[in-house]
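Working notes, beginning with the structure itself.
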Amino acid sequence: MDHVVMKHKRTTLERAEKFISPLYFTDINLYGRVYPKCSPVTSIQHYAAPGRIPYEKAVKGDYSPAQVGQSFGPSWSTHWFCVEIDVPSDWMGEEVRLRWNSNSEALIWINGQPIQGFSGENNRTDFILTESLKDNESHKTVYIEMACNGLFGAGDNGMINPPNPNRTFTLSKAEVAVFDRAVYNLIREVELLHDMAQHLPEGSERGYQALYTVNQMINAINFEDRSTFEKAHMIAQKFLSQKNGDSQHVIHAMGHCHIDTAWLWPYAETIRKCARSWSISIRLMEKYKDFTFTCSQAQQYEWVKQHYPSLFEEIKKFVKRGQFIPVGGSWVEMDGNIPSGEAFIRQFLFGQRFFQQEFGVTCKEFWLPDTFGYSAQLPQIMRQCGITRFLTQKLSWNLVNKFPHHTFWWQGIDGSKVLAHFPPGDSYEMKGFVKEVLYTVENFRDKGRSGKSAYLFGFGDGGHGPSEDMLERLKRMKDVDGLARVRMSSPDEFFSKVEMEDGHKLCRWAGELYLELHNGTYTTHAKVKQNNRNSEFLLHNVEFYATMAALKMTANQNEYKYPAAELSRLWKLLLLNQFHDVLPGSSIGMVYEDAHAYYKDIRESAGRLISEAQNALIGSLEEKAADAETVTSVFNSLGWERVEVVCVPESENSTDMPPQNKRKKKGTQVDSEGNSLAFVRVPSYGYQIISLENIPAPVTASILEGDLIKLENNKVMAVIDKIGRVIQMSIKGQDRYRNAVCSKNPANQFVIYDDIPLYWDAWDVMDYHLETRKPVTDLLEPVRILDKGPLRASVKFSLKIGKDSTLHQIIILDAESPCLHFETQVSWHENHKFLKVEFPTSVHTFEATYEIQYGHLKRPNHYNTSWDSARFEVCGHKWADLSECGYGVAVLNDCKYGYSAIDNILRLSLLRSPKTPDADADMGEHSFRYALMPHLGSYQEAGVIQEAYNFNCPLSLCKMKVMPALLDTSSYFSLSTRQVVLETVKMSEDGQGDLILRMYEAFGGQEQATLTTSFDFKQVVRCNSLEENDPTLESDSLNLGTAGRSVTCTLCPFQILTLRITI
Ligand SMILES: [Zn+2]
């Protein structure tokens, strides 16, 4: 008779755990028998490569013998190994594996093809040489490319520390081994039963059934008698085949491999990470026919296409089979806050076009699992780019409030809705464990409305993706009583089912998806933000000038060609740098060396392209033509007339000025730097030949009592104190001269905070930093007048802002300008300090307005609820505003994205100083600009939106030879209303020679707009942002299809409208 023991739960669980432990009792437990036989590889030859070289070059290297136990380095270096393998002849019929552990990332190459990645950290050390050894398979030569970095780069003691350049990695294993599949299967079964016993709720009978079953299995196994393995397996099977009820939650499992396009490693390493990771998944697809793998970021595919063509062909094959699934539709998984509206669209335009061209696939879901907050304009942009679904999980990182949904409709600022899903397991890196499956169901917030969820499994961030263990675990949970049903699925299958079965029951979330964490990323690495903003405007300018030049030249049959390929190259560089660890400032220093080199390329190339296009547009065709004149022209690449003071290039006033332009120089001014200034009036999307005869109402600078300086023009008056603070700013012509600045607290007050987050240094600013506010008042040089008018008045002062940090600022008021401009230079050498500038206003309101992509939104400026107070630091673009009825104050900037508004105070975040993962982040010299603009009426009526564009997109001056017949001024596009902004003018991507115009309603109200062009066109149609005809877009409100020079459209609040014009 059997001895029946009343089992103790903890000891029984531990008994099972020890039975499959890779750490304890491995000499006698099940785990220790997975590899019953092993044998060292025959020989290892090593070659220290001069960098990340291709295979063809690597095999020609100078190889010398190496052995297990040897270390290789330093960090980021590459080592190639030629490995000879001889499998012992008595292993016939066995599954044989090569086991390689260099404790780093590595890639095995066979016959010149990349076959599979290795990584020591997650035990990815096996490569299956054969599932059943045959006669002719016993000898093999393979190459292994070892990268001297781990999955998470080369940091010391802690994941996000800056890389240690001198790390070495030890080759600890290089052998062939027999893999005992029957033992492996038993391990998976014991693990599953143990996990159910451990994690099912204490009151669950099923958990105890699992406990007794696993105990029975262990009792049944006798290692001396393999027939007992089958007996144990049958015990497990009996339990696992007990099925679920029909009402169970369904988990749609999808393989995934989050590869940060750069983060704790540079872009160049990511290229190899893609090959290592994706080849692993391809090998798994060959073995597991239902295994699906979701893979985003067209840029990574393009890299693989360039560097690993044979792997790319394999990917194509598995895309056709529906196993390798391109997702997301974007060029990279970009930051969700900072890119401009047009950059967001280009992420999809380049991404979707790539997926269409290479795979014939248009992604239907936007895939951004790991980004730090999501703009309220994304739903509309997604819908205009062929996408109606959205997946992330990052809001599970919220510090304060738990987001109320996992499956819901997300509505943007224009009212567009997309179906959103957050995998309720709160991760994109599941491993196939029972615990995760139970948590997924337990945590799901939309129970009753929906009964399904997505489950993304695979190692991530540093790549490597799904493993055999994960697939073997999941396959055993297809339909087991006590657990959710688990099936391999695809995003399309999952979302389609939700749409069909649950769509009408789901709740809605309107506005942004704000992440209550990582809000230092609006500010960290200030120069990346500055280069991003600048590059976005540069490419906008290139496209406008090049389009107009191309149109003119088509007519004149000139040589000029629209630089489509070059534009595409530059856009891709910009889009790449918008990746969600690069633009936010959370990467290691090496990444920023690459990023800034790309920005330099964009800056230089765009400068050349703009100059070529402007010359083609109005320059003389023959440079040396006798009657050609040299003039200075001013170009405006924005959709409204601009009246501004500009700096004229050096020789403007000299003798090469054409006679008719040599007018009396009344009204001109030479500024304190020696630049000639001129006052210009340039039409919408057009140019003007500079004439010096425009004379504005002058601006003046004067000294008042008490070391105060007054700057005044016909629009505003400002008083500045000794340390550069604005103590008064008033709009002129008002009945009473209201002070826009709070009478008790001066504006333009620099403040510095302690900025010590809890862990994610470059990412996080915590709410408690606000309690450490210290005004910067240490004067180095008091304020003094630089320029006195009549075109420009300015003052200058300097402050000490820390032990080694200083700040110099010039405050400028130009003739006829409604705002004060602040040109700031900071020498920044701080440790965990945060510099902001604050503007206490005289405005009373309960909300602040912030510009976002193609529109704006309001957020509270108080801390009523936990949701309000969690938004103590928020993202905005070119302007933010505090307004009451009839009056307001806006702050504009040319490169900043962080704001904090509390009551009547608007703060702009300037510089941070985190030390990980980049110890040198933001150290050094910075220059940036912002502006203060008080206004009557609303910010819309007062022109804040246009002023902010002007501030970011200086008029372009250029000296060139032109034909005398050239008109003094010309406008290519104009709009009947300032409420609609024509943002983008470009040629169509398909090379058909059509014009693409993109405009949006900027005020947040319906408006009819008539767009007038300077040229005739044959046809206008509405298209989507991918420049395709889209039958789902309504065109009723447009008088389209007609030839002529104007088109009238009605736009709804914040609507983005793209027109395709055939000339
Ligand atoms: Zn990421």
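Identifiers for the structure tokens are assigned positionally: chains receive A, B, ... in sequence, residues are indexed from 1 per chain, and ligands are indexed from 1 in the order shown.
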
Could you build a table of the residues in chain A lying no more than 10 Å from ligand 1, giving for each the nearest pair of atoms and their separation in Å rounded to one decimal place, using only C-alpha atoms and all ligand atoms, ordered by chain and ascending residue number, as a tab-separated table?
residue	atom	partner	partner_atom_place_in_ligand_line	distance
A:His258	CA	ligand 1	1 (Zn)	6.5
A:Ile259	CA	ligand 1	1 (Zn)	6.7
A:Asp260	CA	ligand 1	1 (Zn)	4.7
A:Thr261	CA	ligand 1	1 (Zn)	7.8
A:Ala262	CA	ligand 1	1 (Zn)	8.7
A:Trp263	CA	ligand 1	1 (Zn)	8.0
A:Glu333	CA	ligand 1	1 (Zn)	7.9
A:Met334	CA	ligand 1	1 (Zn)	9.4
A:Asp335	CA	ligand 1	1 (Zn)	9.7
A:Leu368	CA	ligand 1	1 (Zn)	8.6
A:Pro369	CA	ligand 1	1 (Zn)	7.6
A:Asp370	CA	ligand 1	1 (Zn)	4.8
A:Thr371	CA	ligand 1	1 (Zn)	6.7
A:Phe372	CA	ligand 1	1 (Zn)	9.4
A:Lys394	CA	ligand 1	1 (Zn)	9.9
A:Tyr428	CA	ligand 1	1 (Zn)	9.9
A:Gly460	CA	ligand 1	1 (Zn)	8.3
A:Asp461	CA	ligand 1	1 (Zn)	5.5
A:Gly462	CA	ligand 1	1 (Zn)	8.6
A:Gly463	CA	ligand 1	1 (Zn)	10.0
A:Phe579	CA	ligand 1	1 (Zn)	8.6
A:His580	CA	ligand 1	1 (Zn)	6.4
A:Asp581	CA	ligand 1	1 (Zn)	6.7

Could you build a table of the residues in segment 534-582 of chain A lying no more than 12 Å from segment 977-997 of chain A, giving for each the nearest pair of atoms and their separation in Å rounded to one decimal place, using only C-alpha atoms, ordered by chain and ascending residue number, as a tab-separated table?
residue	atom	partner	partner_atom	distance
A:Glu536	CA	A:Thr984	CA	11.1
A:Phe537	CA	A:Glu983	CA	10.2
A:Leu538	CA	A:Thr984	CA	11.9
A:Leu539	CA	A:Thr984	CA	9.9
A:His540	CA	A:Thr984	CA	6.6
A:Asn541	CA	A:Val985	CA	8.8
A:Val542	CA	A:Lys986	CA	8.9
A:Glu543	CA	A:Lys986	CA	5.1
A:Phe544	CA	A:Val985	CA	5.1
A:Tyr545	CA	A:Val985	CA	8.7
A:Ala546	CA	A:Lys986	CA	7.9
A:Thr547	CA	A:Lys986	CA	5.6
A:Met548	CA	A:Lys986	CA	8.7
A:Ala549	CA	A:Met987	CA	11.0
A:Ala550	CA	A:Met987	CA	8.8
A:Leu551	CA	A:Gly993	CA	8.7
A:Thr554	CA	A:Gly993	CA	9.6
A:Lys561	CA	A:Gly993	CA	10.7
A:Tyr562	CA	A:Met987	CA	7.8
A:Pro563	CA	A:Met987	CA	9.7
A:Ala564	CA	A:Glu989	CA	7.7
A:Ala565	CA	A:Glu989	CA	9.8
A:Leu567	CA	A:Glu989	CA	10.3
A:Ser568	CA	A:Glu989	CA	9.0

Determine, for each residue of segment 695-722 of chain A having at least one atom at most 12 Å from an atom of segment 744-762 of chain A, the closest pair of atoms and their separation in Å to one decimal, counting only C-alpha atoms; order by chain and ascending number, as JSON lines.
{"residue": "A:Ala718", "atom": "CA", "partner": "A:Ala747", "partner_atom": "CA", "distance": 10.9}
{"residue": "A:Val719", "atom": "CA", "partner": "A:Pro746", "partner_atom": "CA", "distance": 10.1}
{"residue": "A:Ile720", "atom": "CA", "partner": "A:Pro746", "partner_atom": "CA", "distance": 9.0}
{"residue": "A:Asp721", "atom": "CA", "partner": "A:Pro746", "partner_atom": "CA", "distance": 8.8}
{"residue": "A:Lys722", "atom": "CA", "partner": "A:Pro746", "partner_atom": "CA", "distance": 11.5}

For those residues, write N, CA, C and O atoms to a file as a JSON list (two decimals), in the first residue's frame.
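That gives us result_24.json:
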[["chain", "number", "residue", "atom", "x", "y", "z"],
["A", 718, "ALA", "N", 8.48, 97.92, -22.45],
["A", 718, "ALA", "CA", 8.96, 97.00, -21.42],
["A", 718, "ALA", "C", 9.98, 97.71, -20.55],
["A", 718, "ALA", "O", 10.78, 98.50, -21.04],
["A", 719, "VAL", "N", 9.95, 97.41, -19.25],
["A", 719, "VAL", "CA", 10.95, 97.96, -18.33],
["A", 719, "VAL", "C", 11.74, 96.80, -17.74],
["A", 719, "VAL", "O", 11.16, 95.81, -17.26],
["A", 720, "ILE", "N", 13.08, 96.95, -17.80],
["A", 720, "ILE", "CA", 13.97, 95.86, -17.39],
["A", 720, "ILE", "C", 14.82, 96.34, -16.21],
["A", 720, "ILE", "O", 15.34, 97.46, -16.24],
["A", 721, "ASP", "N", 14.95, 95.47, -15.20],
["A", 721, "ASP", "CA", 15.73, 95.90, -14.02],
["A", 721, "ASP", "C", 17.21, 95.54, -14.18],
["A", 721, "ASP", "O", 17.62, 94.96, -15.20],
["A", 722, "LYS", "N", 17.96, 95.86, -13.15],
["A", 722, "LYS", "CA", 19.42, 95.75, -13.21],
["A", 722, "LYS", "C", 19.90, 94.33, -13.51],
["A", 722, "LYS", "O", 20.91, 94.11, -14.15]]

*Which of these residues is nearest to Cys82 of chain A, using only C-alpha atoms: A:Val1047, A:Leu975, A:Lys140, A:Pro114?*
A:Lys140

*Based on DSSP run over this structure's backbone, return all residues of segment 171-399 of chain A in helix (DSSP H, G or I), as number ranges by chain.*
A: 181-199, 205-220, 227-240, 267-287, 298-307, 309-320, 341-359, 378-384, 394-397

Go ahead and write the residues just picked, C-alpha atoms, as a tab-separated table (two decimals), in the first residue's frame.
chain	number	residue	atom	x	y	z
A	181	ARG	CA	14.32	16.28	-25.80
A	182	ALA	CA	12.32	13.95	-23.52
A	183	VAL	CA	14.01	15.36	-20.42
A	184	TYR	CA	13.47	18.91	-21.72
A	185	ASN	CA	9.75	18.27	-22.23
A	186	LEU	CA	9.42	16.94	-18.68
A	187	ILE	CA	11.10	20.11	-17.36
A	188	ARG	CA	8.51	22.25	-19.15
A	189	GLU	CA	5.67	20.16	-17.71
A	190	VAL	CA	7.04	20.22	-14.16
A	191	GLU	CA	7.56	23.98	-14.47
A	192	LEU	CA	4.01	24.58	-15.69
A	193	LEU	CA	2.43	22.48	-12.93
A	194	HIS	CA	4.67	24.01	-10.28
A	195	ASP	CA	3.82	27.52	-11.46
A	196	MET	CA	0.09	26.82	-11.47
A	197	ALA	CA	0.35	25.37	-7.95
A	198	GLN	CA	2.27	28.42	-6.84
A	199	HIS	CA	0.37	31.21	-8.58
A	205	GLU	CA	-8.84	23.77	-6.07
A	206	ARG	CA	-7.06	23.67	-9.40
A	207	GLY	CA	-3.84	24.91	-7.80
A	208	TYR	CA	-3.83	22.00	-5.38
A	209	GLN	CA	-4.58	19.57	-8.22
A	210	ALA	CA	-1.48	20.93	-9.94
A	211	LEU	CA	0.55	20.54	-6.74
A	212	TYR	CA	-0.41	16.89	-6.30
A	213	THR	CA	0.10	16.19	-10.00
A	214	VAL	CA	3.62	17.59	-10.09
A	215	ASN	CA	4.52	15.65	-6.95
A	216	GLN	CA	3.17	12.49	-8.53
A	217	MET	CA	5.27	13.13	-11.64
A	218	ILE	CA	8.45	13.45	-9.62
A	219	ASN	CA	7.64	10.22	-7.75
A	220	ALA	CA	7.13	8.46	-11.07
A	227	SER	CA	10.22	4.31	-19.73
A	228	THR	CA	9.22	6.19	-16.56
A	229	PHE	CA	9.61	9.47	-18.48
A	230	GLU	CA	6.59	8.56	-20.56
A	231	LYS	CA	4.68	7.60	-17.45
A	232	ALA	CA	5.42	10.99	-15.87
A	233	HIS	CA	4.47	12.71	-19.10
A	234	MET	CA	1.10	10.90	-19.11
A	235	ILE	CA	0.43	12.06	-15.54
A	236	ALA	CA	1.03	15.66	-16.65
A	237	GLN	CA	-1.04	15.18	-19.80
A	238	LYS	CA	-4.04	13.97	-17.88
A	239	PHE	CA	-4.01	17.21	-15.90
A	240	LEU	CA	-3.17	19.53	-18.80
A	267	TYR	CA	23.34	52.86	-34.18
A	268	ALA	CA	26.07	50.70	-35.76
A	269	GLU	CA	25.59	48.00	-33.12
A	270	THR	CA	21.82	48.05	-33.62
A	271	ILE	CA	22.33	46.95	-37.21
A	272	ARG	CA	24.02	43.81	-35.90
A	273	LYS	CA	21.46	43.39	-33.11
A	274	CYS	CA	18.77	43.17	-35.81
A	275	ALA	CA	20.65	40.40	-37.61
A	276	ARG	CA	21.29	38.47	-34.39
A	277	SER	CA	17.73	38.83	-33.15
A	278	TRP	CA	15.75	38.33	-36.32
A	279	SER	CA	17.77	35.31	-37.42
A	280	ILE	CA	16.85	33.65	-34.11
A	281	SER	CA	13.18	34.20	-34.84
A	282	ILE	CA	13.53	32.90	-38.39
A	283	ARG	CA	15.09	29.67	-37.02
A	284	LEU	CA	12.17	29.36	-34.59
A	285	MET	CA	9.64	29.93	-37.40
A	286	GLU	CA	11.14	27.02	-39.32
A	287	LYS	CA	10.51	24.79	-36.33
A	298	ALA	CA	11.25	50.24	-41.26
A	299	GLN	CA	14.72	51.70	-40.65
A	300	GLN	CA	15.85	48.42	-39.06
A	301	TYR	CA	14.50	46.44	-42.01
A	302	GLU	CA	16.34	48.76	-44.39
A	303	TRP	CA	19.57	48.17	-42.48
A	304	VAL	CA	19.09	44.41	-42.68
A	305	LYS	CA	18.33	44.70	-46.38
A	306	GLN	CA	21.61	46.57	-46.92
A	307	HIS	CA	23.88	44.59	-44.61
A	309	PRO	CA	20.61	40.55	-47.94
A	310	SER	CA	20.20	36.79	-47.48
A	311	LEU	CA	18.50	37.27	-44.11
A	312	PHE	CA	16.26	39.89	-45.68
A	313	GLU	CA	15.19	37.37	-48.32
A	314	GLU	CA	14.33	34.87	-45.58
A	315	ILE	CA	12.29	37.57	-43.83
A	316	LYS	CA	10.38	38.22	-47.06
A	317	LYS	CA	9.54	34.53	-47.26
A	318	PHE	CA	8.18	34.45	-43.72
A	319	VAL	CA	6.28	37.72	-44.19
A	320	LYS	CA	4.44	35.96	-47.03
A	341	GLY	CA	3.26	67.21	-36.86
A	342	GLU	CA	4.94	67.01	-40.24
A	343	ALA	CA	7.74	64.80	-38.83
A	344	PHE	CA	5.11	62.44	-37.38
A	345	ILE	CA	3.55	62.22	-40.84
A	346	ARG	CA	6.94	61.54	-42.44
A	347	GLN	CA	7.58	58.74	-39.93
A	348	PHE	CA	4.53	57.03	-41.43
A	349	LEU	CA	5.11	58.17	-45.01
A	350	PHE	CA	8.61	56.64	-45.09
A	351	GLY	CA	7.63	53.64	-42.96
A	352	GLN	CA	4.47	52.67	-44.82
A	353	ARG	CA	6.08	53.21	-48.23
A	354	PHE	CA	8.94	50.91	-47.23
A	355	PHE	CA	6.58	48.16	-46.04
A	356	GLN	CA	4.48	48.55	-49.19
A	357	GLN	CA	7.45	48.42	-51.53
A	358	GLU	CA	9.27	45.54	-49.85
A	359	PHE	CA	6.42	43.37	-48.59
A	378	LEU	CA	-1.60	61.18	-33.09
A	379	PRO	CA	-5.07	59.66	-33.70
A	380	GLN	CA	-5.74	61.99	-36.63
A	381	ILE	CA	-2.26	61.56	-38.09
A	382	MET	CA	-2.53	57.78	-37.76
A	383	ARG	CA	-5.89	57.74	-39.54
A	384	GLN	CA	-4.47	59.87	-42.33
A	394	LYS	CA	4.16	52.37	-21.41
A	395	LEU	CA	1.40	54.04	-19.42
A	396	SER	CA	1.64	51.12	-17.01
A	397	TRP	CA	4.79	52.96	-15.84

*Can you tell me, as a PyMOL selection string, what residues are no more than 6 Å from His821 of chain A when counting only C-alpha atoms, ignoring any on the same chain fewer than 4 positions away?*
chain A and resi 811-812+931

Take the selection from the previous step and output its residues with all heavy atoms, as a short mmCIF file (atom, residue, chain, number, x, y, z; two decimals), in the first residue's frame.
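part_4.cif, written as the output of this step:
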data_model
loop_
_atom_site.label_atom_id
_atom_site.label_comp_id
_atom_site.auth_asym_id
_atom_site.auth_seq_id
_atom_site.Cartn_x
_atom_site.Cartn_y
_atom_site.Cartn_z
N ILE A 811 18.40 91.17 -24.51
CA ILE A 811 16.94 91.31 -24.66
C ILE A 811 16.70 92.32 -25.78
O ILE A 811 17.27 93.42 -25.75
CB ILE A 811 16.28 91.78 -23.36
CG1 ILE A 811 16.67 90.86 -22.19
CG2 ILE A 811 14.76 91.85 -23.51
CD1 ILE A 811 16.11 91.29 -20.85
N ILE A 812 15.91 91.93 -26.73
CA ILE A 812 15.75 92.74 -27.95
C ILE A 812 14.29 93.13 -28.15
O ILE A 812 13.38 92.30 -27.99
CB ILE A 812 16.20 91.92 -29.19
CG1 ILE A 812 17.69 91.61 -29.10
CG2 ILE A 812 15.88 92.66 -30.49
CD1 ILE A 812 18.17 90.59 -30.12
N ALA A 931 10.84 84.14 -26.28
CA ALA A 931 10.23 85.46 -26.44
C ALA A 931 9.01 85.57 -25.54
O ALA A 931 8.39 84.57 -25.20
CB ALA A 931 9.84 85.68 -27.91
#

_Residues near Ile20 of chain A, anyone? I mean within 7 Å using only C-alpha atoms, not counting same-chain ones fewer than 4 positions away, as a list in words._
Ala16, Asn29, Leu30, Tyr31 and Ile187 of chain A

*Mind checking which residues fall within 7 Å of Ser1014 of chain A, counting only C-alpha atoms, ignoring those fewer than 4 positions away in the same chain, and posting them as number ranges by chain?*
A: 971-973, 1045

Using only N, CA and C atoms, please write the residues we just selected to a file, as a compact mmCIF listing (two decimals), in the first residue's frame.
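Below is the file selection.txt, written as the result:
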# COMPACT_ATOMS: atom_id res chain seq x y z
N SER A 971 4.36 86.39 -54.51
CA SER A 971 3.87 85.42 -53.54
C SER A 971 3.38 84.20 -54.30
N TYR A 972 3.84 83.01 -53.91
CA TYR A 972 3.47 81.78 -54.62
C TYR A 972 2.16 81.18 -54.08
N PHE A 973 1.97 81.32 -52.78
CA PHE A 973 0.73 80.82 -52.17
C PHE A 973 0.25 81.83 -51.14
N ARG A 1045 -6.57 78.85 -60.29
CA ARG A 1045 -5.50 79.32 -59.41
C ARG A 1045 -5.95 79.39 -57.96

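Residue nearest Phe679 of chain A, chosen from A:Pro649, A:Pro790, A:Gly733, A:Gly73 and counting only C-alpha atoms: A:Pro790.
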
*Quick one: pull the distance between atom CA of Glu94 of chain A and atom CA of Ala177 of chain A, Å, one decimal.*
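If I compute the distance from atom CA of Glu94 of chain A to atom CA of Ala177 of chain A, I get 9.5 Å.
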
*Give me every strand (DSSP E or B) residue in segment 56-89 of chain A, going by DSSP on the backbone, as a ChimeraX atom specification.*
/A:64-65,71-72,78-86

*asked:* Just the number, please: distance in Å from atom CA of Asn713 of chain A to atom CA of Leu813 of chain A, one decimal.
replied: 7.6 Å
